[in-house]
file target-v5.txt (compact mmCIF, C-alpha atoms)
# COMPACT_ATOMS: atom_id res chain seq x y z
CA MET A 1 -3.71 3.55 5.11
CA THR A 2 -4.28 1.56 8.21
CA ARG A 3 -7.14 -0.90 8.16
CA LEU A 4 -8.42 -2.79 11.17
CA PRO A 5 -7.89 -6.55 10.66
CA ALA A 6 -10.75 -8.95 10.18
CA HIS A 7 -11.13 -12.60 9.24
CA THR A 8 -11.39 -13.26 5.55
CA ALA A 9 -13.94 -15.35 3.75
CA THR A 10 -13.14 -19.07 3.50
CA PRO A 11 -12.45 -19.91 -0.16
CA ARG A 12 -14.16 -22.88 -1.77
CA ALA A 13 -12.88 -22.84 -5.34
CA PHE A 14 -10.63 -20.62 -7.38
CA PRO A 15 -11.89 -19.97 -10.90
CA ILE A 16 -11.67 -16.36 -12.07
CA ALA A 17 -15.28 -16.43 -13.30
CA PRO A 18 -16.44 -13.46 -11.17
CA LEU A 19 -13.79 -11.23 -12.75
CA THR A 20 -14.12 -10.60 -16.47
CA LEU A 21 -11.18 -9.33 -18.48
CA SER A 22 -12.86 -5.93 -18.82
CA ALA A 23 -13.34 -5.68 -15.05
CA LEU A 24 -9.67 -6.48 -14.49
CA THR A 25 -8.68 -3.82 -17.00
CA VAL A 26 -10.92 -1.14 -15.49
CA LEU A 27 -9.73 -1.84 -11.95
CA PHE A 28 -6.09 -1.82 -13.01
CA LEU A 29 -6.53 1.52 -14.77
CA VAL A 30 -8.27 3.02 -11.74
CA VAL A 31 -5.44 1.88 -9.50
CA SER A 32 -2.63 2.95 -11.83
CA GLN A 33 -4.01 6.41 -12.59
CA GLY A 34 -4.14 7.76 -9.08
CA THR A 35 -6.57 6.14 -6.67
CA ALA A 36 -3.92 3.93 -5.15
CA ARG A 37 -1.58 6.84 -4.53
CA ALA A 38 -3.26 6.98 -1.12
CA GLN A 39 -1.19 3.97 -0.23
CA ALA A 40 1.35 1.66 -1.81
CA PHE A 41 0.06 -1.92 -1.56
CA GLU A 42 2.39 -2.71 1.33
CA ALA A 43 0.02 -5.32 2.82
CA VAL A 44 -3.09 -7.30 1.93
CA ARG A 45 -5.98 -6.57 4.31
CA LEU A 46 -9.07 -8.60 3.54
CA THR A 47 -11.85 -6.88 5.46
CA GLY A 48 -14.67 -6.36 2.98
CA ALA A 49 -16.78 -9.50 3.35
CA ALA A 50 -18.21 -11.72 6.05
CA PRO A 51 -16.89 -15.33 6.24
CA GLY A 52 -18.25 -17.42 3.37
CA GLN A 53 -19.82 -14.46 1.58
CA SER A 54 -18.98 -11.93 -1.11
CA GLY A 55 -18.93 -8.25 -0.33
CA GLY A 56 -17.05 -5.02 -0.59
CA THR A 57 -16.67 -1.39 0.36
CA VAL A 58 -16.86 1.90 -1.50
CA GLY A 59 -15.80 5.28 -0.19
CA ALA A 60 -13.53 8.29 -0.39
CA ALA A 61 -10.34 9.29 1.41
CA VAL A 62 -8.60 12.58 2.11
CA VAL A 63 -4.87 11.82 2.21
CA ALA A 64 -2.00 14.00 3.42
CA SER A 65 1.42 12.73 2.34
CA PRO A 66 4.87 13.85 1.10
CA VAL A 67 5.04 14.86 -2.57
CA TYR A 68 7.53 12.00 -3.02
CA ARG A 69 9.22 9.63 -0.61
CA GLY A 70 11.92 11.72 1.07
CA SER A 71 10.34 15.07 0.19
CA ASP A 72 9.88 17.88 2.72
CA GLU A 73 6.87 19.14 0.72
CA ASN A 74 3.39 17.82 1.54
CA GLN A 75 0.21 17.43 -0.46
CA VAL A 76 -3.44 16.84 0.44
CA ARG A 77 -5.62 15.00 -2.07
CA LEU A 78 -9.02 13.35 -2.32
CA TYR A 79 -9.16 9.78 -3.64
CA PRO A 80 -12.08 7.44 -4.36
CA GLY A 81 -11.78 3.86 -3.15
CA VAL A 82 -13.47 0.57 -3.96
CA ASP A 83 -12.65 -2.99 -2.86
CA TYR A 84 -14.47 -6.26 -3.37
CA GLN A 85 -13.93 -9.83 -2.17
CA TRP A 86 -15.56 -12.93 -3.58
CA ALA A 87 -16.44 -15.91 -1.41
CA ASN A 88 -14.13 -18.11 -3.53
CA GLY A 89 -11.06 -16.10 -2.47
CA TRP A 90 -10.64 -13.61 -5.32
CA PHE A 91 -10.35 -9.91 -4.50
CA ALA A 92 -9.91 -6.69 -6.45
CA GLY A 93 -9.70 -3.01 -5.61
CA THR A 94 -7.68 0.05 -4.76
CA THR A 95 -6.41 -1.23 -1.40
CA ASN A 96 -5.14 -4.73 -2.21
CA GLY A 97 -4.79 -4.83 -6.00
CA ILE A 98 -6.10 -7.87 -7.87
CA GLY A 99 -5.41 -11.33 -6.48
CA VAL A 100 -6.61 -14.46 -4.75
CA ASN A 101 -6.45 -15.77 -1.21
CA LEU A 102 -5.76 -19.50 -1.51
CA SER A 103 -6.20 -20.35 2.16
CA ARG A 104 -9.16 -22.28 3.57
CA ASN A 105 -8.14 -21.39 7.12
CA PRO A 106 -9.59 -18.04 8.33
CA ALA A 107 -6.53 -17.52 10.57
CA ILE A 108 -4.09 -17.80 7.64
CA GLN A 109 -4.16 -15.88 4.37
CA TYR A 110 -1.80 -16.47 1.45
CA GLY A 111 -1.86 -16.13 -2.29
CA THR A 112 -0.77 -14.10 -5.29
CA ARG A 113 -1.76 -10.69 -6.62
CA ILE A 114 -1.12 -7.96 -9.18
CA THR A 115 -0.41 -4.41 -8.00
CA VAL A 116 1.36 -1.36 -9.40
CA ASP A 117 4.52 0.50 -8.48
CA LEU A 118 3.25 4.08 -8.41
CA GLY A 119 6.33 5.66 -9.91
CA ARG A 120 7.47 9.26 -9.47
CA LYS A 121 7.03 12.31 -11.71
CA GLU A 122 9.80 14.89 -12.07
CA ARG A 123 7.24 17.69 -12.30
CA ARG A 124 5.95 17.06 -8.77
CA SER A 125 8.76 18.98 -7.12
CA ALA A 126 11.58 21.38 -7.97
CA ALA A 127 13.81 19.04 -5.96
CA LEU A 128 13.35 16.40 -8.70
CA ARG A 129 14.31 18.67 -11.59
CA GLY A 130 16.72 16.85 -13.86
CA MET A 131 16.02 13.43 -12.31
CA GLY A 132 13.50 12.30 -14.91
CA ASP A 133 10.42 10.16 -14.24
CA VAL A 134 10.15 6.74 -12.67
CA ASP A 135 7.25 5.29 -14.64
CA VAL A 136 4.28 3.41 -13.21
CA ARG A 137 5.00 -0.33 -13.45
CA PRO A 138 2.86 -3.44 -12.98
CA GLU A 139 4.00 -5.67 -10.12
CA LEU A 140 3.57 -9.38 -9.57
CA GLY A 141 3.63 -10.53 -5.98
CA ALA A 142 2.70 -12.90 -3.22
CA PHE A 143 1.48 -12.43 0.34
CA PHE A 144 1.22 -14.33 3.61
CA ASN A 145 -0.83 -13.10 6.59
CA LEU A 146 -1.36 -14.65 10.00
CA ILE A 147 -4.13 -13.90 12.50
CA PRO A 148 -2.85 -15.54 15.72
CA ALA A 149 -5.54 -14.00 17.94
CA PRO A 150 -8.64 -11.79 17.55
CA GLY A 151 -7.56 -8.26 16.71
CA VAL A 152 -3.99 -9.26 15.78
CA LEU A 153 -2.82 -9.28 12.16
CA LEU A 154 0.71 -10.11 10.96
CA THR A 155 1.34 -9.27 7.31
CA SER A 156 4.05 -9.96 4.74
CA SER A 157 4.25 -9.42 1.00
CA LEU A 158 6.67 -9.63 -1.90
CA ARG A 159 6.31 -7.35 -4.95
CA LEU A 160 8.35 -7.69 -8.15
CA GLY A 161 8.67 -5.37 -11.14
CA SER A 162 9.30 -1.84 -9.85
CA GLY A 163 11.87 0.77 -10.80
CA ASN A 164 13.34 2.08 -14.03
CA ASP A 165 14.24 -1.36 -15.42
CA ARG A 166 11.12 -3.20 -14.14
CA ASP A 167 13.29 -5.57 -12.10
CA GLY A 168 13.21 -4.02 -8.64
CA TRP A 169 11.60 -5.87 -5.76
CA VAL A 170 10.53 -5.11 -2.22
CA ILE A 171 9.54 -7.12 0.87
CA ASP A 172 7.00 -5.61 3.28
CA LEU A 173 6.50 -6.83 6.86
CA GLY A 174 3.92 -5.55 9.34
CA ALA A 175 2.11 -6.18 12.63
CA ASN A 176 -1.24 -4.64 13.58
CA ARG A 177 -3.31 -4.73 16.77
CA SER A 178 -6.88 -3.43 17.10
CA TRP A 179 -9.16 -3.02 20.10
CA ARG A 180 -12.92 -2.55 20.18
CA ILE A 181 -13.55 0.30 22.64
CA THR A 182 -17.34 0.47 22.28
CA GLU A 183 -19.88 -1.21 20.03
CA ALA A 184 -19.18 1.44 17.40
CA THR A 185 -15.58 2.49 18.08
CA SER A 186 -12.26 0.73 17.50
CA LEU A 187 -8.63 1.76 17.86
CA GLY A 188 -5.60 0.29 16.12
CA LEU A 189 -1.81 0.41 16.25
CA GLY A 190 0.64 -0.86 13.67
CA VAL A 191 4.34 -1.18 12.89
CA SER A 192 5.79 -2.04 9.49
CA ALA A 193 9.02 -2.04 7.51
CA THR A 194 10.06 -2.34 3.86
CA TRP A 195 13.26 -3.93 2.51
CA ALA A 196 14.18 -3.05 -1.08
CA ASP A 197 16.76 -4.41 -3.48
CA SER A 198 19.43 -2.23 -5.12
CA LYS A 199 17.47 -1.77 -8.38
CA TYR A 200 14.52 -0.24 -6.50
CA VAL A 201 16.65 1.90 -4.16
CA GLN A 202 18.77 3.21 -7.04
CA SER A 203 15.66 4.12 -9.06
CA TYR A 204 14.14 6.18 -6.25
CA PHE A 205 17.11 7.41 -4.22
CA GLY A 206 20.20 7.08 -6.43
CA VAL A 207 21.68 9.64 -8.82
CA THR A 208 23.29 8.42 -12.03
CA PRO A 209 26.10 10.39 -13.73
CA ALA A 210 23.61 11.62 -16.36
CA GLN A 211 21.15 12.70 -13.67
CA ALA A 212 23.95 14.43 -11.78
CA ILE A 213 24.73 16.59 -14.83
CA ALA A 214 21.04 17.45 -15.37
CA SER A 215 20.10 18.03 -11.73
CA GLY A 216 23.22 19.35 -10.02
CA TYR A 217 23.19 16.59 -7.42
CA PRO A 218 26.39 14.61 -6.89
CA PRO A 219 26.38 11.06 -8.29
CA TYR A 220 25.02 8.63 -5.69
CA LEU A 221 25.01 4.84 -5.82
CA ALA A 222 22.26 3.45 -3.60
CA GLU A 223 22.47 -0.14 -2.37
CA ALA A 224 19.89 -2.64 -1.12
CA GLY A 225 18.63 -2.46 2.45
CA VAL A 226 15.78 -1.46 4.72
CA ARG A 227 14.05 1.45 2.96
CA ASP A 228 12.00 2.63 5.95
CA VAL A 229 10.13 1.68 9.10
CA ARG A 230 6.69 3.06 10.02
CA LEU A 231 4.44 3.43 13.05
CA SER A 232 0.71 4.02 12.63
CA ALA A 233 -2.36 4.63 14.75
CA SER A 234 -5.99 4.50 13.64
CA TRP A 235 -9.48 5.27 14.89
CA ARG A 236 -12.66 3.83 13.41
CA TYR A 237 -16.23 4.84 14.20
CA ARG A 238 -19.30 3.13 12.76
CA ILE A 239 -21.93 5.80 12.17
CA ALA A 240 -24.44 3.32 10.68
CA PRO A 241 -24.59 -0.48 10.36
CA ARG A 242 -22.74 -0.36 7.01
CA THR A 243 -21.02 3.05 7.12
CA ALA A 244 -17.84 3.96 9.00
CA LEU A 245 -15.38 6.79 9.45
CA THR A 246 -11.67 5.97 9.77
CA GLY A 247 -8.84 8.30 10.69
CA ALA A 248 -5.18 7.25 10.71
CA VAL A 249 -1.77 8.85 11.13
CA SER A 250 1.63 7.34 10.36
CA VAL A 251 5.18 8.36 11.21
CA GLY A 252 8.04 6.92 9.17
CA SER A 253 11.81 6.83 9.31
CA LEU A 254 13.88 6.40 6.17
CA ARG A 255 16.84 4.08 6.70
CA GLY A 256 20.03 3.02 4.99
CA ASP A 257 20.94 4.55 1.64
CA ALA A 258 17.44 6.01 1.29
CA ARG A 259 18.09 8.15 4.37
CA LYS A 260 21.48 9.35 3.07
CA SER A 261 20.33 10.12 -0.46
CA PRO A 262 20.81 13.71 -1.72
CA LEU A 263 17.14 13.59 -2.79
CA THR A 264 16.00 13.06 0.81
CA ARG A 265 14.95 16.34 2.42
CA GLU A 266 12.80 14.82 5.20
CA ARG A 267 14.00 11.64 6.88
CA ASN A 268 11.00 11.17 9.19
CA PRO A 269 7.85 11.77 7.13
CA VAL A 270 4.40 12.09 8.69
CA GLY A 271 1.20 11.24 6.82
CA GLY A 272 -2.48 10.98 7.56
CA VAL A 273 -5.77 9.83 6.07
CA PHE A 274 -9.45 10.32 6.76
CA TYR A 275 -11.67 7.71 5.09
CA VAL A 276 -15.46 7.35 4.74
CA SER A 277 -16.55 3.87 3.66
CA HIS A 278 -19.81 2.04 3.02
CA ALA A 279 -20.07 -1.76 2.94
CA PHE A 280 -22.24 -3.51 0.35
call {"tool": "encode", "arguments": {"input": "target-v5.txt", "output": "structure tokens"}}
result
Amino acid sequence: MTRLPAHTATPRAFPIAPLTLSALTVLFLVVSQGTARAQAFEAVRLTGAAPGQSGGTVGAAVVASPVYRGSDENQVRLYPGVDYQWANGWFAGTTNGIGVNLSRNPAIQYGTRITVDLGRKERRSAALRGMGDVDVRPELGAFFNLIPAPGVLLTSSLRLGSGNDRDGWVIDLGANRSWRITEATSLGLGVSATWADSKYVQSYFGVTPAQAIASGYPPYLAEAGVRDVRLSASWRYRIAPRTALTGAVSVGSLRGDARKSPLTRERNPVGGVFYVSHAF
């Protein structure tokens, strides 16, 4: 989902004291069991705390999206969301995963994080019958963001560990621009793209000989390349000092071998989200 960019807190030290092992476990389970299906950890957006302070957001989102990437079937679901940032740079939640921003410069953000590859279940669609599941996998990654001017956010991230053999990796690049229209209203536009290696693309868009026999699809060898590009627009309205409504819509275009896959029924998917959040 599209978030409007904001400066992050300036880190001072980097112990993991604020996060206990049990907190990490609970957050990871929340993310892996469905909350994060509203989005896919394509960028780190640190917006939950004022500079030099700890803080977070809690809310709920109604998300409309394809049943799987490339599907022509859509689903609408309700997801809870929670994100928190500590003043020392650590963050955890359903938007960014669990990680740390190592930068002391508010215009530059970089660090490491843990996320999940959300997988794909065969039972979600008749079009996947015979393809088997792609299991949820933990991902290790790194990110680098740049804020060259107020309202401008450039994002990049690397995520490792996805796909059937846990060795797929993807690179996400994005650019976002937001404008404050009134004291309470903001608008945003974004463009992003994802490059995936052959292990990831084969897991999600390829058809092995065994899958071809079970599904009826022809065998299909998918190679590395740009998976998709996306355009997004967002609207945010602050209804109270700490409470806001956000609406966003995105239009994508599958590219390369993902676009030509026999599993792909819709090459230009459209998705949307409506999010109510409260800062604390």
call {"tool": "closest_residue", "arguments": {"input": "target-v5.txt", "among": "A:Ala43, A:Leu231, A:Val276, A:Val76", "to": "Asn145 of chain A", "atoms": "all atoms listed in the file"}}
result
A:Ala43
call {"tool": "atom_distance", "arguments": {"input": "target-v5.txt", "atom1": "atom CA of Pro66 of chain A", "atom2": "atom CA of Pro269 of chain A"}}
result
7.0 Å
call {"tool": "residues_around", "arguments": {"input": "target-v5.txt", "residues": "Phe144 of chain A", "least_positions_apart": "2", "cutoff": "10 Å", "atoms": "only C-alpha atoms", "output": "PyMOL selection string"}}
result
chain A and resi 43-44+101+103+108-112+142+146+154-158+173
call {"tool": "closest_residue", "arguments": {"input": "target-v5.txt", "among": "A:Thr264, A:Val251, A:Val62, A:Phe41", "to": "Ile171 of chain A", "atoms": "only C-alpha atoms"}}
result
A:Phe41
call {"tool": "atom_distance", "arguments": {"input": "target-v5.txt", "atom1": "atom CA of Gln85 of chain A", "atom2": "atom CA of Ile114 of chain A"}}
result
14.7 Å
call {"tool": "closest_residue", "arguments": {"input": "target-v5.txt", "among": "A:Leu160, A:Leu46, A:Ala196, A:Leu78", "to": "Gly225 of chain A", "atoms": "only C-alpha atoms"}}
result
A:Ala196
call {"tool": "atom_distance", "arguments": {"input": "target-v5.txt", "atom1": "atom CA of Trp90 of chain A", "atom2": "atom CA of Leu140 of chain A"}}
result
15.4 Å
call {"tool": "residues_around", "arguments": {"input": "target-v5.txt", "residues": "Asn74 of chain A", "least_positions_apart": "6", "cutoff": "9 Å", "atoms": "only C-alpha atoms", "output": "PyMOL selection string"}}
result
chain A and resi 64-68+271
call {"tool": "closest_residue", "arguments": {"input": "target-v5.txt", "among": "A:Ser234, A:Thr194, A:Thr115, A:Ser277", "to": "Gly252 of chain A", "atoms": "all atoms listed in the file"}}
result
A:Thr194
call {"tool": "build_atoms", "arguments": {"input": "target-v5.txt", "residues": "segment 191-203 of chain A", "atoms": "N, CA and C atoms", "output": "short mmCIF file (atom, residue, chain, number, x, y, z; two decimals), in the coordinates of the input"}}
result
data_model
loop_
_atom_site.label_atom_id
_atom_site.label_comp_id
_atom_site.auth_asym_id
_atom_site.auth_seq_id
_atom_site.Cartn_x
_atom_site.Cartn_y
_atom_site.Cartn_z
N VAL A 191 2.92 -1.42 13.19
CA VAL A 191 4.34 -1.18 12.89
C VAL A 191 4.66 -1.96 11.62
N SER A 192 5.47 -1.38 10.74
CA SER A 192 5.79 -2.04 9.49
C SER A 192 7.15 -1.58 9.00
N ALA A 193 7.71 -2.35 8.08
CA ALA A 193 9.02 -2.04 7.51
C ALA A 193 9.09 -2.57 6.08
N THR A 194 9.89 -1.92 5.25
CA THR A 194 10.06 -2.34 3.86
C THR A 194 11.54 -2.50 3.55
N TRP A 195 11.90 -3.66 3.01
CA TRP A 195 13.26 -3.93 2.51
C TRP A 195 13.21 -3.87 0.99
N ALA A 196 14.17 -3.19 0.37
CA ALA A 196 14.18 -3.05 -1.08
C ALA A 196 15.53 -3.46 -1.65
N ASP A 197 15.51 -4.03 -2.84
CA ASP A 197 16.76 -4.41 -3.48
C ASP A 197 17.43 -3.18 -4.11
N SER A 198 18.66 -3.35 -4.62
CA SER A 198 19.43 -2.23 -5.12
C SER A 198 18.80 -1.57 -6.34
N LYS A 199 18.09 -2.35 -7.19
CA LYS A 199 17.47 -1.77 -8.38
C LYS A 199 16.37 -0.79 -7.97
N TYR A 200 15.57 -1.14 -6.98
CA TYR A 200 14.52 -0.24 -6.50
C TYR A 200 15.14 0.99 -5.84
N VAL A 201 16.09 0.78 -4.91
CA VAL A 201 16.65 1.90 -4.16
C VAL A 201 17.37 2.86 -5.10
N GLN A 202 18.07 2.34 -6.09
CA GLN A 202 18.77 3.21 -7.04
C GLN A 202 17.77 4.03 -7.86
N SER A 203 16.65 3.41 -8.26
CA SER A 203 15.66 4.12 -9.06
C SER A 203 15.08 5.31 -8.32
#
